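Novice: Have a look at the structure that comes next, please.
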Amino acid sequence: MATVHGVSLDINKASESELRPYITMQRAANYLAGAMIFLKSNVFLEQPLKPDDIKPRLLGHWGTCPGINLTYAHCTRLIKQQHLNMLFVTGPGHGAPANLANLFLERSITKYYPKYSYDRQGLERLIRGFSWPSGFPSHTNSEVPGQIHEGGELGYALAVSFGAALDNPDLIVTCVVGDGEAETGPTATAWHAFKYLDPAKSGAVLPVLHLNGFKIANRTIYGCMSDEELVTLFTGYGYKVRIVTDNTDTLQADMAVSMEWAVKEIQTIQNAARSGKPIYKPRWPIVILRSPKGWTGPKTAHGKQIEGTFHAHQVPLPKAKKDDEELEILQEWLSHYHPDQLFDKHGRPVKEIQDCFPEDEELRMGMRIETHEGSYRKLDTPDWKQYCVDKDEDTSSMDIAGGYLADVIKRNQETFRIFSPDELTSNKLTKVLDVTSRTMEWDPDLFSKGGRIIEVLSEHTCQGLLQGYTLTGRTGLFPSYEAFLGIVTTMLIQYAKFLKLGQETLWQRPIPSINYIESSTLWRQEHNGFSHQNPAFLNNLMNLKSDMIRIYLPPDANCMVSTLDHCLRSTNYINLVISAKNPTPLWIPSAEKAAEHCRAGISVWAEYSTEGGRDPDVVIAGCGVETTFEAVAAAALLRKDCPDLRVRTVNVTDLMVLGHTHSHRLSQDEFEAIFTPDKPIIFNFHGYPSAIQSLAYDRVAGHRMSVHGYNEEGTTTTPFRMLTANGCSRYDLAIDALHRVLPNHPTVNVKARTLISNYQHAIRQHEKYIEANGTDPSELSEKPVF
């Protein structure tokens, strides 16, 4: 029965004898969590604590640990009872002491890290090593068994959980959301992610909103809400709400019946959908857990209340090493768990605790195959060459990519999804809708259609879903407007850290790469204006570890589909592809030649160079669709107006070949073979010039490379005016080339001044033309002729 105070349940149905071992398990987990924060020795309290037993640096957040331990224990109980497949995602990231404690008790830590043996020596190492050099950090990360979420930056746990549940029909993901985390924008949108789960084909997420009332130094928003207000809010979102009260006398029984109820509700919704009678707008369960902050911890210190206040949030006794009163309180606190009753003489958890866990180790939450154990499901990809264009006509790269992706979706109905912030059609990927639909279970037109496209106008939610989907072995794609992909920058940085440490520690098998397409790029956002002109995401990726990032700027449709195919088949990378949605020239009208160019990442375009690019006076390079067009146009312009000037045209499609540290890098000999050892280089780049300058800094002597790129000049204007405003037009490149060869070229210097003034005049005349006509002259978009 539901009331203004949530679903009513009879907590007297909980069996005290059945719960007793799990209460003991929580005592052990709480003890270990507290010990990890404070102790470097005497970890079983076999002598009175001394200052030397206390770590010199105290880290970790105690306040959330008891709630995490409570939830973990009750999840474990249900897993053992019902043989559930369950993941555990922890939003309060610095509650790692709780996670590690439970993972040790269930033997997951020992399985993957034998040095933490399941005995006294292993436990001493774990406790001492927490937040210690070469030990586990104070937040959850990929070193911790069973994790699919980086616990550093708050807000993403819920979206990641829903991503893991997609296309995993037998999986329940229990996600603990702290009430501080619940204040974040990403979490606010992620509450709605269940509306994209088709219960016939996907698993479920069980959110546990942990309300202990406080953040680091004050109360939380949700902690200040009444039961009635919480029920009203989450009922409005579409949930069925159960509130576990903070009455510590009944908390265990209350949590037990609440978790049982939640699992039953999930199973009812799924059974209906899988029997062909799906429920429209089913109300998925949420458990709101009220418990005192730092429950079972120190009550007071120095006359101030700790338990149930923000003082319990982090380290409740921060001066325990130097303050006699706090050391005495620490002794009393840890002693009241009676560690001698929890661990035998060998330091192993007592049998009562060991028997709490399912006998089948694969069901234990730290040993799930969906996580680091490896569940990568390789895509069945079509032959990308059949999507190439062999006609010399302007073609939309994104339109061609849409045809290829439609085939990928047809072949991979359970292992591939597209996550897009409401921009699929705008970005010209509409061909995918010929073979699938969007999914949104609350939309009556999409309900129960099993679509493979999730469109939600929250980049954070798209990123979280993509991360959860990818880390559990499936492949996803995130297409976005270029200007707004940067919204997820810090999420991606957290993911990159997670990826790096996982590969260095637990992960023995590959995971799919995480894939982005940036389209609707700055050069063709002249209609939307300055706010839509932002290529910064690329720069942020460049700062990550070079062995995990791949940045591609395919110059035409054939290179685009070749690149996309490579990215979807790759593993363990972060792939960014920057492409254009408007029709543009096909520079390489051969699939084989496109593949060759993409494999190399860079090549001399002989057909757009003087005499095949031999013995050049100047090198003009393009990287990016529109900037490559202008580089070729500049070469053509100079060939017509200054035939004595020998121009080599170069295209870069794999940005990282230019750097010194990337695995795709050119050797210095290769670099100079393409760019020459000493000739001027005019480089026309899609994004900020600083990206090329940082990559080629050690490559080019003196000042012989001039980089043109986006310089934060933009407005509502025309495409070509965007180029001239930022110095990236053919005229700007030609002027620069002439200036740089002037001192040394015997014939160019005769006519250089005339040509430079002509090109400057052409720029001014163009400005007058667009003011009069509102559009660019048509000849500026015609493919340059050689």
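Ligands are numbered from 1 in the order shown, residues from 1 within each chain, and chains are lettered A, B, ... in the order they appear in the structure tokens.
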Can you tell me, as a PyMOL selection string, which residues in range 497-535 of chain A count as helix (DSSP H, G or I) by DSSP?
Specialist: chain A and resi 497-504+522-524+530-532
Novice: Using the selection just defined, write its residues with N, CA, C and O atoms as a compact mmCIF listing (two decimals), in the first residue's frame.
Specialist:
```
# COMPACT_ATOMS: atom_id res chain seq x y z
N LYS A 497 41.07 8.13 -16.24
CA LYS A 497 41.83 7.68 -15.07
C LYS A 497 41.42 6.27 -14.68
O LYS A 497 42.25 5.41 -14.33
N PHE A 498 40.11 6.02 -14.73
CA PHE A 498 39.58 4.69 -14.43
C PHE A 498 40.16 3.66 -15.41
O PHE A 498 40.61 2.57 -15.02
N LEU A 499 40.17 4.02 -16.69
CA LEU A 499 40.68 3.14 -17.73
C LEU A 499 42.16 2.84 -17.53
O LEU A 499 42.60 1.69 -17.62
N LYS A 500 42.94 3.87 -17.25
CA LYS A 500 44.38 3.71 -17.08
C LYS A 500 44.70 2.75 -15.94
O LYS A 500 45.47 1.79 -16.09
N LEU A 501 44.12 2.99 -14.77
CA LEU A 501 44.44 2.15 -13.62
C LEU A 501 43.92 0.73 -13.79
O LEU A 501 44.55 -0.24 -13.35
N GLY A 502 42.76 0.59 -14.43
CA GLY A 502 42.23 -0.75 -14.66
C GLY A 502 43.15 -1.59 -15.52
O GLY A 502 43.40 -2.77 -15.24
N GLN A 503 43.69 -0.97 -16.57
CA GLN A 503 44.59 -1.70 -17.46
C GLN A 503 45.91 -2.05 -16.76
O GLN A 503 46.55 -3.03 -17.10
N GLU A 504 46.28 -1.24 -15.78
CA GLU A 504 47.53 -1.49 -15.07
C GLU A 504 47.37 -2.49 -13.93
O GLU A 504 48.37 -2.99 -13.41
N LEU A 522 32.25 24.02 -35.55
CA LEU A 522 32.26 25.48 -35.44
C LEU A 522 32.21 26.17 -36.80
O LEU A 522 31.60 27.24 -36.94
N TRP A 523 32.86 25.58 -37.82
CA TRP A 523 32.94 26.26 -39.11
C TRP A 523 31.60 26.31 -39.82
O TRP A 523 31.41 27.14 -40.72
N ARG A 524 30.66 25.43 -39.42
CA ARG A 524 29.33 25.49 -40.01
C ARG A 524 28.27 25.77 -38.97
O ARG A 524 27.12 25.35 -39.09
N PHE A 530 28.12 32.55 -32.14
CA PHE A 530 29.34 32.42 -31.35
C PHE A 530 29.25 31.33 -30.30
O PHE A 530 30.21 30.60 -30.04
N SER A 531 28.08 31.19 -29.67
CA SER A 531 27.93 30.22 -28.58
C SER A 531 28.11 28.79 -29.06
O SER A 531 28.44 27.91 -28.27
N HIS A 532 27.90 28.55 -30.36
CA HIS A 532 27.99 27.20 -30.91
C HIS A 532 29.34 26.93 -31.57
O HIS A 532 29.48 25.96 -32.31
```
Novice: As a PyMOL selection string, please: the residues near range 475-486 of chain A (cut-off 6 Å, only C-alpha atoms, same-chain neighbours under 2 positions excluded).
Specialist: chain A and resi 416-420+470+488-489+512+515-521+532-534+537
Novice: Generate the output file for the selected residues, N, CA, C and O atoms, as an mmCIF file, in the first residue's frame.
Specialist:
```
data_model
loop_
_atom_site.group_PDB
_atom_site.id
_atom_site.type_symbol
_atom_site.label_atom_id
_atom_site.label_comp_id
_atom_site.auth_asym_id
_atom_site.auth_seq_id
_atom_site.Cartn_x
_atom_site.Cartn_y
_atom_site.Cartn_z
ATOM 1 N N PHE A 416 25.120 -3.000 -29.348
ATOM 2 C CA PHE A 416 25.493 -1.684 -29.867
ATOM 3 C C PHE A 416 24.340 -0.714 -29.678
ATOM 4 O O PHE A 416 23.188 -1.031 -29.973
ATOM 5 N N ARG A 417 24.679 0.464 -29.185
ATOM 6 C CA ARG A 417 23.686 1.532 -29.014
ATOM 7 C C ARG A 417 24.304 2.887 -29.343
ATOM 8 O O ARG A 417 25.521 3.071 -29.241
ATOM 9 N N ILE A 418 23.420 3.814 -29.701
ATOM 10 C CA ILE A 418 23.819 5.201 -29.915
ATOM 11 C C ILE A 418 23.177 6.041 -28.817
ATOM 12 O O ILE A 418 21.982 5.923 -28.542
ATOM 13 N N PHE A 419 23.986 6.868 -28.179
ATOM 14 C CA PHE A 419 23.529 7.779 -27.125
ATOM 15 C C PHE A 419 23.728 9.205 -27.635
ATOM 16 O O PHE A 419 24.867 9.616 -27.893
ATOM 17 N N SER A 420 22.646 9.950 -27.767
ATOM 18 C CA SER A 420 22.747 11.258 -28.403
ATOM 19 C C SER A 420 21.905 12.287 -27.655
ATOM 20 O O SER A 420 20.762 11.995 -27.286
ATOM 21 N N THR A 470 29.754 0.598 -21.899
ATOM 22 C CA THR A 470 31.082 0.213 -22.388
ATOM 23 C C THR A 470 31.823 -0.649 -21.372
ATOM 24 O O THR A 470 32.414 -1.678 -21.725
ATOM 25 N N VAL A 488 30.947 17.201 -21.003
ATOM 26 C CA VAL A 488 31.302 15.959 -20.300
ATOM 27 C C VAL A 488 32.804 15.838 -20.078
ATOM 28 O O VAL A 488 33.285 14.756 -19.723
ATOM 29 N N THR A 489 33.538 16.921 -20.242
ATOM 30 C CA THR A 489 34.996 16.837 -20.168
ATOM 31 C C THR A 489 35.485 16.216 -18.867
ATOM 32 O O THR A 489 36.307 15.295 -18.877
ATOM 33 N N PRO A 512 35.568 -2.520 -24.876
ATOM 34 C CA PRO A 512 35.380 -1.723 -26.086
ATOM 35 C C PRO A 512 35.903 -0.302 -25.892
ATOM 36 O O PRO A 512 35.924 0.225 -24.771
ATOM 37 N N ASN A 515 33.511 5.860 -27.863
ATOM 38 C CA ASN A 515 33.556 6.503 -29.174
ATOM 39 C C ASN A 515 32.699 7.758 -29.234
ATOM 40 O O ASN A 515 31.518 7.722 -28.865
ATOM 41 N N TYR A 516 33.296 8.827 -29.753
ATOM 42 C CA TYR A 516 32.594 10.100 -29.922
ATOM 43 C C TYR A 516 32.676 10.548 -31.372
ATOM 44 O O TYR A 516 33.701 10.370 -32.035
ATOM 45 N N ILE A 517 31.596 11.164 -31.855
ATOM 46 C CA ILE A 517 31.636 11.904 -33.110
ATOM 47 C C ILE A 517 31.237 13.335 -32.808
ATOM 48 O O ILE A 517 30.158 13.581 -32.249
ATOM 49 N N GLU A 518 32.096 14.265 -33.168
ATOM 50 C CA GLU A 518 31.736 15.674 -33.129
ATOM 51 C C GLU A 518 31.349 16.113 -34.532
ATOM 52 O O GLU A 518 32.140 15.993 -35.475
ATOM 53 N N SER A 519 30.114 16.589 -34.664
ATOM 54 C CA SER A 519 29.693 17.160 -35.932
ATOM 55 C C SER A 519 29.028 18.503 -35.628
ATOM 56 O O SER A 519 29.124 18.997 -34.512
ATOM 57 N N SER A 520 28.357 19.064 -36.647
ATOM 58 C CA SER A 520 27.836 20.427 -36.479
ATOM 59 C C SER A 520 28.953 21.300 -35.905
ATOM 60 O O SER A 520 28.805 21.959 -34.876
ATOM 61 N N THR A 521 30.104 21.253 -36.578
ATOM 62 C CA THR A 521 31.304 21.873 -36.032
ATOM 63 C C THR A 521 31.284 23.388 -36.181
ATOM 64 O O THR A 521 30.430 23.963 -36.858
ATOM 65 N N HIS A 532 27.902 28.548 -30.356
ATOM 66 C CA HIS A 532 27.989 27.198 -30.906
ATOM 67 C C HIS A 532 29.341 26.932 -31.567
ATOM 68 O O HIS A 532 29.484 25.957 -32.308
ATOM 69 N N GLN A 533 30.308 27.765 -31.295
ATOM 70 C CA GLN A 533 31.617 27.648 -31.944
ATOM 71 C C GLN A 533 32.674 27.405 -30.873
ATOM 72 O O GLN A 533 33.193 28.341 -30.257
ATOM 73 N N ASN A 534 32.969 26.109 -30.656
ATOM 74 C CA ASN A 534 33.860 25.755 -29.541
ATOM 75 C C ASN A 534 34.506 24.395 -29.791
ATOM 76 O O ASN A 534 33.874 23.357 -29.605
ATOM 77 N N PHE A 537 37.007 20.560 -26.758
ATOM 78 C CA PHE A 537 37.031 19.174 -26.292
ATOM 79 C C PHE A 537 38.270 18.446 -26.800
ATOM 80 O O PHE A 537 38.880 17.640 -26.087
#
```
Novice: Would you mind telling me which residue in A:Arg348, A:Lys40, A:His83, A:Arg665 lies nearest to Trp132 in chain A when using only C-alpha atoms?
Specialist: A:Lys40
Novice: Taking only C-alpha atoms into account, name the residue in A:Ala217, A:Ala73, A:Ala200, A:Val619 that is nearest to Gly276 in chain A.
Specialist: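 Selected residue with least distance to Gly276 in chain A: A:Ala200.
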Novice: If we count only C-alpha atoms, what is near Arg20 in chain A at a cut-off of 12 Å, once residues fewer than 6 positions away on the same chain are taken out, given as JSON, numbers by chain?
Specialist: {"A": [14, 26, 27, 73, 74, 77, 252, 253, 256, 352, 353, 355, 356]}
Novice: As a ChimeraX atom specification, which residues of range 85-115 of chain A does DSSP assign to strand (DSSP E or B)?
Specialist: /A:85-90
Novice: Skipping near chain neighbours, those fewer than 2 positions away, what residues fall within 6 Å of Phe38 in chain A using only C-alpha atoms, listed as a PyMOL selection string?
Specialist: chain A and resi 35-36+54-55
Novice: May I have the residues from that selection written out with N, CA and C atoms, as a PDB file, in the first residue's frame?
Specialist:
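Okay, selection34.pdb is ready:
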```
ATOM      1  N   ALA A  35      38.941   0.988  11.021  1.00  0.00           N
ATOM      2  CA  ALA A  35      40.354   0.657  11.186  1.00  0.00           C
ATOM      3  C   ALA A  35      41.169   1.140   9.993  1.00  0.00           C
ATOM      4  N   MET A  36      40.638   1.009   8.783  1.00  0.00           N
ATOM      5  CA  MET A  36      41.374   1.453   7.599  1.00  0.00           C
ATOM      6  C   MET A  36      41.654   2.951   7.646  1.00  0.00           C
ATOM      7  N   ILE A  54      48.513   5.011  15.049  1.00  0.00           N
ATOM      8  CA  ILE A  54      47.651   5.847  14.211  1.00  0.00           C
ATOM      9  C   ILE A  54      48.428   6.336  12.996  1.00  0.00           C
ATOM     10  N   LYS A  55      47.781   6.308  11.847  1.00  0.00           N
ATOM     11  CA  LYS A  55      48.419   6.787  10.622  1.00  0.00           C
ATOM     12  C   LYS A  55      48.731   8.277  10.716  1.00  0.00           C
TER      13      LYS A  55
END
```
Novice: So which residues touch range 175-182 of chain A within 6 Å, counting only C-alpha atoms, skipping near sequence neighbours fewer than 5 positions away, as a list of chain:residue names?
Specialist: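 In the requested form, the answer reads A:Val89, A:Thr90, A:Gly91, A:Pro92, A:Leu154, A:Gly155, A:Thr187, A:Pro207, A:Val208, A:Leu209, A:His210, A:Leu211, A:Lys215, A:Thr220.
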